[in-house]
Amino acid sequence: MSETAVIFYSYTGHTRALAQKKARKLHADLIELKDAKPRSKVNAFVAGSFASLRNQKAALAQPVPDLSGYQKIVLLCPIWAGHLAPPANNVIDALPPRKDVQVFAVSMSGDSSSSRQKTIARLKEKGCASVQYQDVRSSTIQ
Ligand SMILES: Cc1cc2nc3c(=O)[nH]c(=O)nc-3n(C[C@H](O)[C@H](O)[C@H](O)COP(=O)(O)O)c2cc1C
């Protein structure tokens, strides 16, 4: 088991590509979160955006695995309606304390300023040892 977990959700593939790159670079375990049922576009834009705005969790195919054996957790997630998409909330909820957490928020605009500070505050409340948050514009992912 690596000391770093790269955990991600991706709807259209950009975040997956970045997560795979990060995991290779960090020699990390790569964990993909998948929806319990395939999400239609309408569901993503309506129910998904609504849930994102309210920091609600997603119905996942598998629960978030036990992350207690990792020191560093790298969380990558798309931005929906200005906020991290719902699966990020499953991860935040499942985070053990005292972890070093790095968030990559992947969006078309490269701007998630409406949720950035709130997300950092939530992670600090979870007792993370350190928190980093970085915006990524999806068009810059190769
Ligand atoms: C439901 C939904 C809502 C979105 N809302 C935003 C948004 O508020 N701001 C933004 O810049 N991009 C938004 N996007 C674009 C995605 O954040 C962007 O395409 C991202 O790269 C998707 O990552 P993925 O390919 O891993 O799913 C939205 C996309 C979807 C599907």
# chains A, B, ... in the order shown; residues from 1 in each chain; ligands from 1
call {"tool": "select_by_dssp", "arguments": {"residues": "segment 52-118 of chain A", "states": "strand (DSSP E or B)", "output": "list in words"}}
result
Leu60, Lys72, Ile73, Val74, Leu75, Leu76, Cys77, Pro78, Ile79, Trp80, His83, Leu84, Asp100, Val101, Gln102, Val103, Phe104, Ala105, Val106 and Ser107 of chain A
call {"tool": "residues_around", "arguments": {"residues": "Gln142 of chain A", "least_positions_apart": "4", "cutoff": "10 Å", "atoms": "only C-alpha atoms", "output": "list in words"}}
result
His14, Ala17, Leu18, Lys21 and Ser138 of chain A
call {"tool": "write_last_selection", "arguments": {"atoms": "C-alpha atoms", "output": "PDB file, in the first residue's frame"}}
result
ATOM      1  CA  HIS A  14     -11.077  15.184 -17.724  1.00  0.00           C
ATOM      2  CA  ALA A  17      -7.016  11.833 -17.022  1.00  0.00           C
ATOM      3  CA  LEU A  18      -5.537  14.198 -14.427  1.00  0.00           C
ATOM      4  CA  LYS A  21      -1.270  11.368 -14.188  1.00  0.00           C
ATOM      5  CA  SER A 138     -10.107  21.234 -17.869  1.00  0.00           C
TER       6      SER A 138
END
call {"tool": "residues_around", "arguments": {"residues": "segment 89-91 of chain A", "least_positions_apart": "3", "cutoff": "6 Å", "atoms": "only C-alpha atoms", "output": "PDB file with N, CA and C atoms, in the first residue's frame"}}
result
ATOM      1  N   LYS A  57     -24.128  14.325  -0.550  1.00  0.00           N
ATOM      2  CA  LYS A  57     -23.361  13.186  -1.055  1.00  0.00           C
ATOM      3  C   LYS A  57     -24.066  12.542  -2.258  1.00  0.00           C
ATOM      4  N   PRO A  86     -21.055  16.068  -6.143  1.00  0.00           N
ATOM      5  CA  PRO A  86     -21.440  15.360  -4.921  1.00  0.00           C
ATOM      6  C   PRO A  86     -20.473  14.280  -4.416  1.00  0.00           C
ATOM      7  N   ALA A  94     -15.942  10.829   4.769  1.00  0.00           N
ATOM      8  CA  ALA A  94     -15.249   9.590   5.169  1.00  0.00           C
ATOM      9  C   ALA A  94     -13.794   9.831   5.585  1.00  0.00           C
TER      10      ALA A  94
END
call {"tool": "atom_distance", "arguments": {"atom1": "atom CA of Asn43 of chain A", "atom2": "atom CA of Pro65 of chain A"}}
result
25.3 Å
call {"tool": "closest_atom_pairs", "arguments": {"of": "chain A", "to": "ligand 1", "cutoff": "10 Å", "atoms": "only C-alpha atoms and all ligand atoms", "output": "tab-separated table"}}
result
residue	atom	partner	partner_atom_place_in_ligand_line	distance
A:Phe8	CA	ligand 1	26 (O)	8.6
A:Tyr9	CA	ligand 1	26 (O)	6.6
A:Ser10	CA	ligand 1	26 (O)	3.5
A:Tyr11	CA	ligand 1	27 (O)	3.3
A:Thr12	CA	ligand 1	25 (O)	3.4
A:Gly13	CA	ligand 1	25 (O)	3.9
A:His14	CA	ligand 1	25 (O)	3.7
A:Thr15	CA	ligand 1	26 (O)	3.5
A:Arg16	CA	ligand 1	26 (O)	5.7
A:Ala17	CA	ligand 1	26 (O)	7.8
A:Leu18	CA	ligand 1	26 (O)	8.5
A:Ala19	CA	ligand 1	26 (O)	9.2
A:Arg39	CA	ligand 1	31 (C)	9.8
A:Ser40	CA	ligand 1	31 (C)	9.6
A:Lys41	CA	ligand 1	31 (C)	6.8
A:Val42	CA	ligand 1	1 (C)	8.1
A:Asn43	CA	ligand 1	1 (C)	7.9
A:Ala44	CA	ligand 1	1 (C)	4.4
A:Phe45	CA	ligand 1	1 (C)	3.7
A:Val46	CA	ligand 1	1 (C)	7.0
A:Ala47	CA	ligand 1	1 (C)	8.4
A:Gly48	CA	ligand 1	1 (C)	5.8
A:Ser49	CA	ligand 1	1 (C)	5.3
A:Phe50	CA	ligand 1	1 (C)	9.0
A:Ser52	CA	ligand 1	3 (C)	8.9
A:Leu53	CA	ligand 1	8 (O)	9.8
A:Leu76	CA	ligand 1	26 (O)	8.5
A:Cys77	CA	ligand 1	26 (O)	6.7
A:Pro78	CA	ligand 1	23 (O)	4.3
A:Ile79	CA	ligand 1	17 (O)	4.1
A:Trp80	CA	ligand 1	5 (N)	3.5
A:Ala81	CA	ligand 1	8 (O)	3.4
A:Gly82	CA	ligand 1	8 (O)	3.8
A:His83	CA	ligand 1	8 (O)	6.8
A:Leu84	CA	ligand 1	17 (O)	8.5
A:Ala85	CA	ligand 1	1 (C)	7.9
A:Ala105	CA	ligand 1	17 (O)	8.1
A:Val106	CA	ligand 1	21 (O)	5.1
A:Ser107	CA	ligand 1	17 (O)	3.3
A:Met108	CA	ligand 1	11 (O)	3.9
A:Ser109	CA	ligand 1	11 (O)	3.6
A:Gly110	CA	ligand 1	11 (O)	5.8
A:Asp111	CA	ligand 1	11 (O)	6.0
A:Ser112	CA	ligand 1	9 (N)	6.9
A:Ser113	CA	ligand 1	9 (N)	10.0
A:Ser114	CA	ligand 1	8 (O)	9.4
A:Asp135	CA	ligand 1	11 (O)	9.8
A:Val136	CA	ligand 1	21 (O)	8.3
A:Arg137	CA	ligand 1	21 (O)	7.0
A:Ser138	CA	ligand 1	21 (O)	4.4
A:Ser139	CA	ligand 1	21 (O)	7.6
A:Thr140	CA	ligand 1	21 (O)	9.7
A:Ile141	CA	ligand 1	21 (O)	8.8
call {"tool": "atom_distance", "arguments": {"atom1": "atom CA of Ser2 of chain A", "atom2": "atom CA of Leu67 of chain A"}}
result
11.2 Å
call {"tool": "atom_distance", "arguments": {"atom1": "atom CA of Leu33 of chain A", "atom2": "atom CA of Gln132 of chain A"}}
result
20.8 Å
